[in-house]
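Visitor: Have a look at this one.
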Number of protein chains: 2
Amino acid sequence: MRSDLERFFSPKSVALIGASQDLITISGQPLSHLVNHGYGGKLYPVNPRYQDVLGHKCYPSIAELPETPELAIILINAARVADILEQCGKKGVPYVIIFSSGFSETGADGVALQQRLTDIARQYNIGVIGPNCQGMMNVADKVWAGFGSVFFTKEFPAGGVSMVSQSGGFGFSVLALSSLDGGLAFRQMVTTGNEIGVSTLDFIDYFIRDPHTDVIVGYIEGVKDAHRLHGIGMKAMDAGKPILMWKVGNTDEGQKAAASHTANLGGAMALYKAAFKQTGIIQIDDIPDMVDYGRMFRCGKLPKGNRIAMITVSGGAGILMTDECISGGMRLAELAPATVEKLRAFVPSYGSLGNPVDVTASIFNDLALIRQALQAIVDDPGVDCVALLNASLQGEIATKIAAEIIAIARKTDKPIACAWSARDVMAKDAYAALDEARIPHYKSPVRCGRAFAAISGYAEAKRRIAAQRNEQPAVIEKNHIKQILTNRTADVTEFEAKKVLAEYGIPVTQEALATTREQALALAKKIGYPVAIKVQSPDISHKTEAKAVKLGLSSDAELAAAYDDVLANAKAYNARAQLDGVLVQEMLRGGTEAILGITNDPLFGSAVMFGLGGIFAEIMKDVSFRLAPVTPSMAHEMITEIKGYPLLAGARGRAHADVDALADAIVKLSALAVDLKDHVAELDINPLFVMDRGKGVKAADALIKPKAKS
Amino acid sequence: MRSDLERFFSPKSVALIGASQDLITISGQPLSHLVNHGYGGKLYPVNPRYQDVLGHKCYPSIAELPETPELAIILINAARVADILEQCGKKGVPYVIIFSSGFSETGADGVALQQRLTDIARQYNIGVIGPNCQGMMNVADKVWAGFGSVFFTKEFPAGGVSMVSQSGGFGFSVLALSSLDGGLAFRQMVTTGNEIGVSTLDFIDYFIRDPHTDVIVGYIEGVKDAHRLHGIGMKAMDAGKPILMWKVGNTDEGQKAAASHTANLGGAMALYKAAFKQTGIIQIDDIPDMVDYGRMFRCGKLPKGNRIAMITVSGGAGILMTDECISGGMRLAELAPATVEKLRAFVPSYGSLGNPVDVTASIFNDLALIRQALQAIVDDPGVDCVALLNASLQGEIATKIAAEIIAIARKTDKPIACAWSARDVMAKDAYAALDEARIPHYKSPVRCGRAFAAISGYAEAKRRIAAQRNEQPAVIEKNHIKQILTNRTADVTEFEAKKVLAEYGIPVTQEALATTREQALALAKKIGYPVAIKVQSPDISHKTEAKAVKLGLSSDAELAAAYDDVLANAKAYNARAQLDGVLVQEMLRGGTEAILGITNDPLFGSAVMFGLGGIFAEIMKDVSFRLAPVTPSMAHEMITEIKGYPLLAGARGRAHADVDALADAIVKLSALAVDLKDHVAELDINPLFVMDRGKGVKAADALIKPKAKS
């Protein structure tokens, strides 16, 4: 795969294959946009019907071009694209954008047509963008190689934001809207369509390397090479380039329907979210998020912790921003007594000295208030970042206040931003000064609060990832287990599955397999009553449904009767089921039921899931995911981030559960997931009993679905 | 209380008490703003220090004014406000705005000062607005009676939106920002501050009556007369005036800390949300919500159902909007086969005939596409409303497409709106034409989707409320129960509490009170083993914690031993506890545990709560609330809206629970709450066993906290 994408974004020459003289049509637009926006390289329209287009000599074929263009744009009917792409290959064109639609998005014929393109691209090592896309816009270098309404815009401010979008029309709308007054300034943007060649993640990878990109934006419906997401996220974090990711298609009913049991909980979105969380990728949901977060990062400072202080001239806005920051995971800084004393000296008695500090509308009568308050608060060691809520202050007052803020911001490494609601025309000078000084400002406290929460979350992720790098994830290799699982197709049932778990250090119930009633009685005596019994069969995955399970048997007589019962029930449920025997198992008392699982996702690879009791996980969807490998601190995050966590932490007079043992089991399960990634498709431990603190955990049931040989 | 608020908003004369000649200060601004914005009535500055202000004769006192002003604005120091207010009273001034701060927001002294104002206002029947507010702006009639930056704006477009805000500075910022290009057009706006006189709800009540108000907006931190919220919401619904309510202060940690046990779940926000939901009040969280929903309502049409269809020129936007509509409670319309056939005739093969219908970027080559697609979809009886996703179409194409949309919209009563991302300058004519035709348009599909979800939710609430009006809420009167509860202060414990429940028709477990071991044995024989026993004491609310409960006793011997145990434990737990006896109770088998409760909120009055099993309700906060009275269909809503509902509906192979009996118990509990509103502060049924369908419900434990006599 080609990776010299700077050539793609800044080609010295561009061929337009199928260029039309009707400059309003899709095949006419690109040449006209390139010319109108000042493209400086060579342009080669290719179309046997014309002598020239827009004053540029038109060539009858690619072969006849006087040189090899660095970029070709294909503007012709789907049916003819493959031929043209092959001609590009023969000519040695490194990058080709295919605008044409009519491929995999249209059904079987289109899929076949698209496969041909993929083959040709591979054969000639062509970096293909598309098909079914709307091209690229290199704002910084004036290469507008695309079509659509946005290309009729005169110009956009150039800056350090680079974006890749799977959507064409809407993608460029996002660029246009987000670069409106005071918004983002873009370096380059590309749409990728069906992505048979250069993928979204290839572009993000390039943006990380690109020295002129500061902030990366992705708009995705789904990425086919999702297993790379984690690595690319980490790379961006190392490079200090935040990725703002807009992932759409979260309610796709079809996606859900296809998935099975545990995968149902793990539906792709959960894994995307896990990958984002693990690598500090910031999820966005709309254009304002993108603009506001992008602006916040422009300040070039990261908060050292999540404690925010606010200074407001109107109490209402402080409440609003508090709501937003708290729900975004921040905390209100507790001001030091010394800070409060300083404030008392000048804040009016009907103001508020607590956080948010309300200096009140008296600001109209005494401009120094804001400077004094801001300095006192910036100097407080318990404050990590500061918001100024200036309501609609405007005109001369606004300009003076902006100057005070800038002077203080210059001398601190704590991020400072403003919620400032004056209209642009009313506080023009103030806003321009803030922009110049890279102090973010927002029209609404809600937006300002969200942006602070975003940068705070990013800084926190950065600290967390740095700490996790010092942890050793458990590495366990068990080659004999791999041998056992190789070529297995049937489900690995409880008894055997738990032996596998035990090999990786996950505690399991005491148990053994009986094939006669007498064996069962002997085993029960050894284990001690009460016991549970469960029929083991690779053909019966849902033992309870088959009534092949009896719990709490407390005597020989009960056990003997139950033994016959469960076998009869299993046979009645599935007369042809292969019966391996009856598992005799200790009954656990007390503890809290949890679920652990592994999903070996075709896109993402191995992920580990944690949730509480069947109902919590399955009905409330209260589960957490991480892509493997999972370190101990990540395992603790998984445990504490579910809503039901208080159940484990001693809520309602319960004992505190053995959370350390639970975290250890998660880490071991992650090691298993990594070691057996080629052998296990899915693994469920349901339930895992989490006992009181110091008493460990025990897997009470488990099931492994082997990975079919590919 | 005065209610002739049209006089307040359009006074014939205004006195400005404490008016300053320094027009930039708080006390100088109001006169200058009134003058500058063309106020047409008489202006009377009052200040003994001046002969005139801004060319208006200045009076030394209120008494000396030549007439009684219809509105007075007090601009002086807090300490002197009471005297001035009294002078206003003596002069007969009907409405007074008090800007001054320094009252209840500052502590005990301020509270006392404020109480004096309240007393004076009552004595003279003055409608007081404030104190601690920033005044009023009647945009339509040019009465700008306030201060702050926003008052320096030249003008705002006048329209039909009326707003009341408890926040001053930020409140006016909201007006300013939401009326920006293409935003809302306001009729009037008022800020209420500490609300000692005319309250937020008084103003909303007035806006409902005001014939020129179409849409009502409230910005509240909390309303002291919350019991009126339900009635006012219903009145607005009847009048066809949507209320957009921005309630802030949702994360107030203090609010939580103060509350007890069940009230913890019912924290005020839950009751606000219940009131909003029950009356169709639309909750908003930021300025864009307000603008976007307000614009959507301007179309003057309500969807008949929640099925939306979309036509897009770029697939990506369709996914995005689907996400937003689905999460907002809408459904994607299933297009009729006949509609799909019509579409097939002209949509390109690489487009999509399903919903969202993707006519693709081919729109550039064939403008008729949108008209044909829109007509086909509007004609489909399975579609309730239609969104057009036009990406960034601009210029002449945009103007033509807008005309097509307008022509079709004119002939249908289905709401049509556009997500249209072209910048304002690029689609000026198209946007102006849509505005003129009252067709809402949004820059982003996310915003368009949210606005559709809002109007759809409102229309659904309207249908639901209409249906509920035909229902009879249960009315049960039990005067002897009131007599029993009168003057009770101690908790009413299980045995007695369940007798109360039974009187109101809520089934309870079979049980009786024993005061000797022999009685207990005799009762158990009658009830049948297994039984539970529980010590009854008004001094032991948490019986389990006191180990004063034993469950599942299955023989005389077990019962006898347990009887002695629980009594000993109860004495050990609280030696001075009054012991009423030991309750002998049937053990329930099977079923699902639910919680029902009543909160008698000091602000809202009686509310009913429902949730599942202790942990679901208390840890997951998965509960629903309604203000009483609750009708049967409302009870069903309460049951189905919790996340854990699938547990009752037969998830995971469970039997379907008796949801009808559960709903009946909720309705009966609501009747109890209404009948005993003066006697019960709190009531908990925990657990209520919900048995399998047809087998009813039974309260297994209950506790009543009587309402202290006021």
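Here's how to read the names in the structure tokens: chain A, B, ... by the order shown, residue numbers from 1 in each chain, ligand numbers from 1 in the order shown.
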Set the distance at 7 Å and use only C-alpha atoms: which residues neighbour Ala497 in chain A once local chain neighbours fewer than 3 positions away are removed? I'd like the list as a PDB file with N, CA, C and O atoms, in the first residue's frame.
Guide:
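Below you can see result27.pdb, which holds the result:
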ATOM      1  N   VAL A 492     -17.151 -25.813  23.212  1.00  0.00           N
ATOM      2  CA  VAL A 492     -16.435 -26.436  24.323  1.00  0.00           C
ATOM      3  C   VAL A 492     -17.267 -26.164  25.569  1.00  0.00           C
ATOM      4  O   VAL A 492     -17.455 -25.021  25.970  1.00  0.00           O
ATOM      5  N   THR A 493     -17.794 -27.229  26.147  1.00  0.00           N
ATOM      6  CA  THR A 493     -18.771 -27.022  27.214  1.00  0.00           C
ATOM      7  C   THR A 493     -18.086 -26.828  28.558  1.00  0.00           C
ATOM      8  O   THR A 493     -16.869 -26.935  28.698  1.00  0.00           O
ATOM      9  N   GLU A 494     -18.925 -26.574  29.546  1.00  0.00           N
ATOM     10  CA  GLU A 494     -18.508 -26.115  30.864  1.00  0.00           C
ATOM     11  C   GLU A 494     -17.272 -26.803  31.435  1.00  0.00           C
ATOM     12  O   GLU A 494     -16.297 -26.134  31.787  1.00  0.00           O
ATOM     13  N   VAL A 500      -9.794 -25.011  30.797  1.00  0.00           N
ATOM     14  CA  VAL A 500      -9.010 -24.029  30.041  1.00  0.00           C
ATOM     15  C   VAL A 500      -8.809 -22.764  30.890  1.00  0.00           C
ATOM     16  O   VAL A 500      -7.691 -22.253  31.021  1.00  0.00           O
ATOM     17  N   LEU A 501      -9.878 -22.280  31.485  1.00  0.00           N
ATOM     18  CA  LEU A 501      -9.781 -21.085  32.332  1.00  0.00           C
ATOM     19  C   LEU A 501      -8.747 -21.294  33.433  1.00  0.00           C
ATOM     20  O   LEU A 501      -7.900 -20.427  33.699  1.00  0.00           O
ATOM     21  N   ALA A 702     -19.092 -21.802  32.170  1.00  0.00           N
ATOM     22  CA  ALA A 702     -18.342 -21.184  31.073  1.00  0.00           C
ATOM     23  C   ALA A 702     -18.635 -21.928  29.784  1.00  0.00           C
ATOM     24  O   ALA A 702     -19.043 -23.094  29.803  1.00  0.00           O
ATOM     25  N   LEU A 703     -18.446 -21.233  28.697  1.00  0.00           N
ATOM     26  CA  LEU A 703     -18.662 -21.831  27.376  1.00  0.00           C
ATOM     27  C   LEU A 703     -17.681 -21.190  26.401  1.00  0.00           C
ATOM     28  O   LEU A 703     -17.497 -19.971  26.406  1.00  0.00           O
ATOM     29  N   ILE A 704     -17.027 -22.027  25.581  1.00  0.00           N
ATOM     30  CA  ILE A 704     -16.119 -21.505  24.561  1.00  0.00           C
ATOM     31  C   ILE A 704     -16.653 -21.879  23.187  1.00  0.00           C
ATOM     32  O   ILE A 704     -16.973 -23.045  22.946  1.00  0.00           O
TER      33      ILE A 704
END
Visitor: Any idea what's packed within 12 Å of Pro211 in chain B, counting only C-alpha atoms, ignoring anything in its chain fewer than 5 positions away? Could you give it as a list of chain:residue names?
Guide: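 Final neighbour list, sorted by chain and number: B:Glu6, B:Gly160, B:Val161, B:Ser162, B:Arg187, B:Tyr206, B:Ala239, B:Gly240, B:Lys241.
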Visitor: Restrict the selected residues to N, CA, C and O atoms and save them as an mmCIF file, in the first residue's frame.
Guide:
data_model
loop_
_atom_site.group_PDB
_atom_site.id
_atom_site.type_symbol
_atom_site.label_atom_id
_atom_site.label_comp_id
_atom_site.auth_asym_id
_atom_site.auth_seq_id
_atom_site.Cartn_x
_atom_site.Cartn_y
_atom_site.Cartn_z
ATOM 1 N N GLU B 6 -50.534 42.443 31.167
ATOM 2 C CA GLU B 6 -50.382 43.246 29.949
ATOM 3 C C GLU B 6 -50.019 44.684 30.339
ATOM 4 O O GLU B 6 -49.315 45.383 29.610
ATOM 5 N N GLY B 160 -43.468 36.058 17.901
ATOM 6 C CA GLY B 160 -44.449 35.481 18.814
ATOM 7 C C GLY B 160 -43.870 34.672 19.967
ATOM 8 O O GLY B 160 -44.594 33.940 20.625
ATOM 9 N N VAL B 161 -42.542 34.777 20.211
ATOM 10 C CA VAL B 161 -41.949 34.001 21.300
ATOM 11 C C VAL B 161 -41.920 34.845 22.572
ATOM 12 O O VAL B 161 -41.419 35.969 22.551
ATOM 13 N N SER B 162 -42.463 34.347 23.664
ATOM 14 C CA SER B 162 -42.387 35.045 24.949
ATOM 15 C C SER B 162 -41.579 34.196 25.911
ATOM 16 O O SER B 162 -41.741 32.980 25.972
ATOM 17 N N ARG B 187 -41.534 38.304 21.341
ATOM 18 C CA ARG B 187 -42.567 39.278 21.658
ATOM 19 C C ARG B 187 -42.134 40.019 22.934
ATOM 20 O O ARG B 187 -42.077 41.237 22.958
ATOM 21 N N TYR B 206 -49.631 33.944 32.035
ATOM 22 C CA TYR B 206 -50.016 35.117 31.247
ATOM 23 C C TYR B 206 -49.722 34.917 29.752
ATOM 24 O O TYR B 206 -50.540 35.249 28.892
ATOM 25 N N ALA B 239 -54.160 25.249 24.889
ATOM 26 C CA ALA B 239 -54.103 26.459 24.080
ATOM 27 C C ALA B 239 -53.256 26.256 22.826
ATOM 28 O O ALA B 239 -53.152 27.150 21.992
ATOM 29 N N GLY B 240 -52.632 25.076 22.703
ATOM 30 C CA GLY B 240 -51.797 24.807 21.530
ATOM 31 C C GLY B 240 -50.505 25.609 21.526
ATOM 32 O O GLY B 240 -49.934 25.869 20.468
ATOM 33 N N LYS B 241 -50.035 26.035 22.725
ATOM 34 C CA LYS B 241 -48.787 26.791 22.785
ATOM 35 C C LYS B 241 -47.694 25.939 23.420
ATOM 36 O O LYS B 241 -47.738 25.677 24.621
#
Visitor: Using only C-alpha atoms, I'd like a table of the residues in chain A that come within 7 Å of chain B; for each, show the closest atom pair and its distance in Å rounded to one decimal, ordered by chain and ascending number, as CSV.
Guide:
residue,atom,partner,partner_atom,distance
A:Thr25,CA,B:Asn365,CA,6.1
A:Ser101,CA,B:Tyr350,CA,6.3
A:Gly102,CA,B:Tyr350,CA,4.9
A:Glu105,CA,B:Tyr350,CA,6.5
A:Thr106,CA,B:Tyr350,CA,5.1
A:Ser149,CA,B:Leu393,CA,5.3
A:Val150,CA,B:Ser392,CA,6.3
A:Ser167,CA,B:Gly316,CA,5.0
A:Gly168,CA,B:Ser314,CA,6.9
A:Gly169,CA,B:Ser314,CA,5.3
A:Phe170,CA,B:Ala391,CA,5.3
A:Ser173,CA,B:Ser392,CA,5.6
A:Leu177,CA,B:Arg423,CA,6.8
A:Val248,CA,B:Leu320,CA,5.7
A:Gly249,CA,B:Ile319,CA,5.6
A:Asn250,CA,B:Asp323,CA,6.1
A:Thr251,CA,B:Asp323,CA,5.4
A:Asp286,CA,B:Val446,CA,6.5
A:Ser314,CA,B:Gly169,CA,5.3
A:Gly316,CA,B:Ser167,CA,4.9
A:Ala317,CA,B:Phe170,CA,5.8
A:Ile319,CA,B:Gly249,CA,5.6
A:Leu320,CA,B:Val248,CA,5.7
A:Asp323,CA,B:Thr251,CA,5.5
A:Ser349,CA,B:Thr106,CA,6.9
A:Tyr350,CA,B:Gly102,CA,4.8
A:Phe364,CA,B:Thr25,CA,6.2
A:Asn365,CA,B:Thr25,CA,6.0
A:Ala391,CA,B:Phe170,CA,5.4
A:Ser392,CA,B:Ser149,CA,5.4
A:Leu393,CA,B:Ser149,CA,5.3
A:Gln394,CA,B:Ser149,CA,6.0
A:Ser421,CA,B:Ser173,CA,5.7
A:Ala422,CA,B:Ser173,CA,7.0
A:Arg423,CA,B:Leu177,CA,6.8
A:Val446,CA,B:Asp286,CA,6.5
A:Ile619,CA,B:Gly644,CA,6.2
A:Met620,CA,B:Lys643,CA,6.2
A:Lys643,CA,B:Met620,CA,6.2
A:Gly644,CA,B:Met620,CA,6.2
A:Pro646,CA,B:Ile619,CA,6.8
Visitor: Would you please extract all strand (DSSP E or B) residues from range 28-235 of chain B, as assigned by DSSP on the backbone, and give them as an NGL selection string?
Guide: :B and (42-46 or 52-53 or 56-57 or 59 or 71-74 or 95-98 or 127-129 or 135-138 or 143-146 or 158-165 or 186-191 or 215-220)
Visitor: As a PDB file with all heavy atoms, in the first residue's frame, please: the residues near Ile311 in chain A (cut-off 8 Å, only C-alpha atoms, same-chain neighbours under 4 positions excluded).
Guide:
ATOM      1  N   GLY A 318     -23.404  30.166  35.653  1.00  0.00           N
ATOM      2  CA  GLY A 318     -22.520  29.305  36.444  1.00  0.00           C
ATOM      3  C   GLY A 318     -23.157  27.952  36.724  1.00  0.00           C
ATOM      4  O   GLY A 318     -22.506  26.910  36.615  1.00  0.00           O
ATOM      5  N   ASN A 355     -17.100  28.619  44.486  1.00  0.00           N
ATOM      6  CA  ASN A 355     -16.919  28.301  43.076  1.00  0.00           C
ATOM      7  C   ASN A 355     -18.225  27.736  42.543  1.00  0.00           C
ATOM      8  O   ASN A 355     -18.692  26.748  43.087  1.00  0.00           O
ATOM      9  CB  ASN A 355     -15.793  27.261  42.939  1.00  0.00           C
ATOM     10  CG  ASN A 355     -15.510  26.888  41.501  1.00  0.00           C
ATOM     11  OD1 ASN A 355     -15.947  27.539  40.572  1.00  0.00           O
ATOM     12  ND2 ASN A 355     -14.780  25.796  41.317  1.00  0.00           N
ATOM     13  N   PRO A 356     -18.874  28.312  41.530  1.00  0.00           N
ATOM     14  CA  PRO A 356     -18.501  29.487  40.733  1.00  0.00           C
ATOM     15  C   PRO A 356     -18.511  30.784  41.548  1.00  0.00           C
ATOM     16  O   PRO A 356     -19.460  31.035  42.278  1.00  0.00           O
ATOM     17  CB  PRO A 356     -19.589  29.555  39.655  1.00  0.00           C
ATOM     18  CG  PRO A 356     -20.321  28.265  39.693  1.00  0.00           C
ATOM     19  CD  PRO A 356     -20.130  27.694  41.027  1.00  0.00           C
ATOM     20  N   VAL A 357     -17.457  31.572  41.354  1.00  0.00           N
ATOM     21  CA  VAL A 357     -17.360  32.887  41.980  1.00  0.00           C
ATOM     22  C   VAL A 357     -18.221  33.859  41.180  1.00  0.00           C
ATOM     23  O   VAL A 357     -18.032  34.001  39.974  1.00  0.00           O
ATOM     24  CB  VAL A 357     -15.891  33.360  41.984  1.00  0.00           C
ATOM     25  CG1 VAL A 357     -15.800  34.790  42.516  1.00  0.00           C
ATOM     26  CG2 VAL A 357     -15.025  32.413  42.799  1.00  0.00           C
ATOM     27  N   ASP A 358     -19.175  34.494  41.857  1.00  0.00           N
ATOM     28  CA  ASP A 358     -20.061  35.423  41.150  1.00  0.00           C
ATOM     29  C   ASP A 358     -19.652  36.848  41.507  1.00  0.00           C
ATOM     30  O   ASP A 358     -19.903  37.316  42.607  1.00  0.00           O
ATOM     31  CB  ASP A 358     -21.519  35.150  41.552  1.00  0.00           C
ATOM     32  CG  ASP A 358     -22.511  35.995  40.759  1.00  0.00           C
ATOM     33  OD1 ASP A 358     -22.063  36.787  39.898  1.00  0.00           O
ATOM     34  OD2 ASP A 358     -23.721  35.860  40.996  1.00  0.00           O
ATOM     35  N   VAL A 359     -18.994  37.547  40.590  1.00  0.00           N
ATOM     36  CA  VAL A 359     -18.604  38.936  40.867  1.00  0.00           C
ATOM     37  C   VAL A 359     -19.754  39.888  40.560  1.00  0.00           C
ATOM     38  O   VAL A 359     -19.644  41.089  40.791  1.00  0.00           O
ATOM     39  CB  VAL A 359     -17.324  39.357  40.093  1.00  0.00           C
ATOM     40  CG1 VAL A 359     -16.143  38.503  40.512  1.00  0.00           C
ATOM     41  CG2 VAL A 359     -17.535  39.273  38.596  1.00  0.00           C
ATOM     42  N   ILE A 370     -12.825  41.718  37.534  1.00  0.00           N
ATOM     43  CA  ILE A 370     -12.504  40.479  36.809  1.00  0.00           C
ATOM     44  C   ILE A 370     -11.014  40.178  36.890  1.00  0.00           C
ATOM     45  O   ILE A 370     -10.610  39.040  37.126  1.00  0.00           O
ATOM     46  CB  ILE A 370     -12.992  40.562  35.342  1.00  0.00           C
ATOM     47  CG1 ILE A 370     -14.510  40.399  35.336  1.00  0.00           C
ATOM     48  CG2 ILE A 370     -12.306  39.512  34.479  1.00  0.00           C
ATOM     49  CD1 ILE A 370     -15.083  39.589  34.214  1.00  0.00           C
ATOM     50  N   ALA A 373     -10.208  38.934  40.451  1.00  0.00           N
ATOM     51  CA  ALA A 373     -10.748  37.602  40.708  1.00  0.00           C
ATOM     52  C   ALA A 373      -9.977  36.548  39.912  1.00  0.00           C
ATOM     53  O   ALA A 373      -9.601  35.498  40.440  1.00  0.00           O
ATOM     54  CB  ALA A 373     -12.230  37.570  40.350  1.00  0.00           C
ATOM     55  N   LEU A 374      -9.711  36.823  38.647  1.00  0.00           N
ATOM     56  CA  LEU A 374      -9.021  35.844  37.805  1.00  0.00           C
ATOM     57  C   LEU A 374      -7.626  35.557  38.341  1.00  0.00           C
ATOM     58  O   LEU A 374      -7.193  34.405  38.426  1.00  0.00           O
ATOM     59  CB  LEU A 374      -8.959  36.348  36.359  1.00  0.00           C
ATOM     60  CG  LEU A 374      -8.257  35.425  35.360  1.00  0.00           C
ATOM     61  CD1 LEU A 374      -8.869  34.030  35.371  1.00  0.00           C
ATOM     62  CD2 LEU A 374      -8.329  36.002  33.946  1.00  0.00           C
ATOM     63  N   VAL A 386      -9.615  27.446  34.231  1.00  0.00           N
ATOM     64  CA  VAL A 386     -10.523  28.511  34.658  1.00  0.00           C
ATOM     65  C   VAL A 386     -11.440  28.924  33.505  1.00  0.00           C
ATOM     66  O   VAL A 386     -10.983  29.122  32.377  1.00  0.00           O
ATOM     67  CB  VAL A 386      -9.739  29.759  35.127  1.00  0.00           C
ATOM     68  CG1 VAL A 386     -10.699  30.794  35.725  1.00  0.00           C
ATOM     69  CG2 VAL A 386      -8.665  29.384  36.134  1.00  0.00           C
ATOM     70  N   ALA A 387     -12.717  29.072  33.824  1.00  0.00           N
ATOM     71  CA  ALA A 387     -13.682  29.595  32.856  1.00  0.00           C
ATOM     72  C   ALA A 387     -14.171  30.952  33.315  1.00  0.00           C
ATOM     73  O   ALA A 387     -14.463  31.145  34.497  1.00  0.00           O
ATOM     74  CB  ALA A 387     -14.865  28.642  32.741  1.00  0.00           C
ATOM     75  N   LEU A 388     -14.229  31.891  32.395  1.00  0.00           N
ATOM     76  CA  LEU A 388     -14.822  33.196  32.677  1.00  0.00           C
ATOM     77  C   LEU A 388     -16.164  33.265  31.979  1.00  0.00           C
ATOM     78  O   LEU A 388     -16.241  33.066  30.765  1.00  0.00           O
ATOM     79  CB  LEU A 388     -13.912  34.302  32.149  1.00  0.00           C
ATOM     80  CG  LEU A 388     -12.669  34.462  33.008  1.00  0.00           C
ATOM     81  CD1 LEU A 388     -11.454  34.650  32.152  1.00  0.00           C
ATOM     82  CD2 LEU A 388     -12.851  35.622  33.971  1.00  0.00           C
ATOM     83  N   LEU A 389     -17.214  33.538  32.748  1.00  0.00           N
ATOM     84  CA  LEU A 389     -18.552  33.597  32.167  1.00  0.00           C
ATOM     85  C   LEU A 389     -18.982  35.060  32.117  1.00  0.00           C
ATOM     86  O   LEU A 389     -19.417  35.618  33.116  1.00  0.00           O
ATOM     87  CB  LEU A 389     -19.519  32.766  33.015  1.00  0.00           C
ATOM     88  CG  LEU A 389     -19.367  31.243  32.836  1.00  0.00           C
ATOM     89  CD1 LEU A 389     -18.071  30.737  33.419  1.00  0.00           C
ATOM     90  CD2 LEU A 389     -20.534  30.505  33.452  1.00  0.00           C
TER      91      LEU A 389
END
Visitor: I'd like the interatomic distance between CA of Arg589 in chain B and CA of Ala548 in chain B, to a tenth of an Å.
Guide: 21.1 Å
Visitor: Would you please work out which residue, of A:Val697, A:Ala575, A:Ala419, A:Val535, is nearest to Phe452 in chain A when using only C-alpha atoms?
Guide: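 Checking each of A:Val697, A:Ala575, A:Ala419, A:Val535 against Phe452 in chain A, counting only C-alpha atoms, the winner is A:Ala419.
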Visitor: Might you pull out every residue within 12 Å of Lys142 in chain A, with only C-alpha atoms counted and same-chain residues fewer than 4 positions away left off, and present them as a list in words?
Guide: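 Answer for this query is Phe9, Ser10, Pro11, His33, Leu34, Val35, Asn36, His37, Gly38, Tyr39, Gly40, Gly41, Met136, Met137, Asn138, Gly146, Phe151, Lys154, Glu155, Phe156, Pro157, Ala158, Phe186, Arg187, Gln188 and Met189 of chain A.
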Visitor: Could you state the separation of CA of Leu184 in chain B and CA of Glu396 in chain A in Å, given to one decimal place?
Guide: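 Interatomic distance, CA of Leu184 in chain B to CA of Glu396 in chain A: 27.6 Å.
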Visitor: Mind pulling up the distance from CA of Lys498 in chain B to CA of Gln483 in chain B?
Guide: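 These atoms are spaced 16.5 Å apart.
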Visitor: Write out as a CSV table (one decimal) with all heavy atoms, in the first residue's frame each polymer residue whose atoms come within 7 Å of Gly382 in chain B, counting only C-alpha atoms; drop sequence neighbours fewer than 5 positions from it.
Guide:
chain,number,residue,atom,x,y,z
B,333,ALA,N,-40.3,5.5,8.7
B,333,ALA,CA,-41.4,5.0,8.0
B,333,ALA,C,-41.0,3.9,7.1
B,333,ALA,O,-40.0,3.9,6.5
B,333,ALA,CB,-42.1,6.2,7.2
B,334,GLU,N,-41.9,2.9,7.0
B,334,GLU,CA,-41.7,1.8,6.0
B,334,GLU,C,-42.4,2.3,4.7
B,334,GLU,O,-43.7,2.3,4.8
B,334,GLU,CB,-42.2,0.5,6.5
B,334,GLU,CG,-41.2,-0.5,6.9
B,334,GLU,CD,-41.7,-1.8,7.2
B,334,GLU,OE1,-42.2,-2.5,6.2
B,334,GLU,OE2,-41.7,-2.2,8.3
B,335,LEU,N,-41.7,2.5,3.7
B,335,LEU,CA,-42.4,3.0,2.5
B,335,LEU,C,-43.3,1.9,1.9
B,335,LEU,O,-42.9,0.7,1.8
B,335,LEU,CB,-41.4,3.4,1.4
B,335,LEU,CG,-40.5,4.6,1.9
B,335,LEU,CD1,-39.5,5.0,0.8
B,335,LEU,CD2,-41.3,5.8,2.4
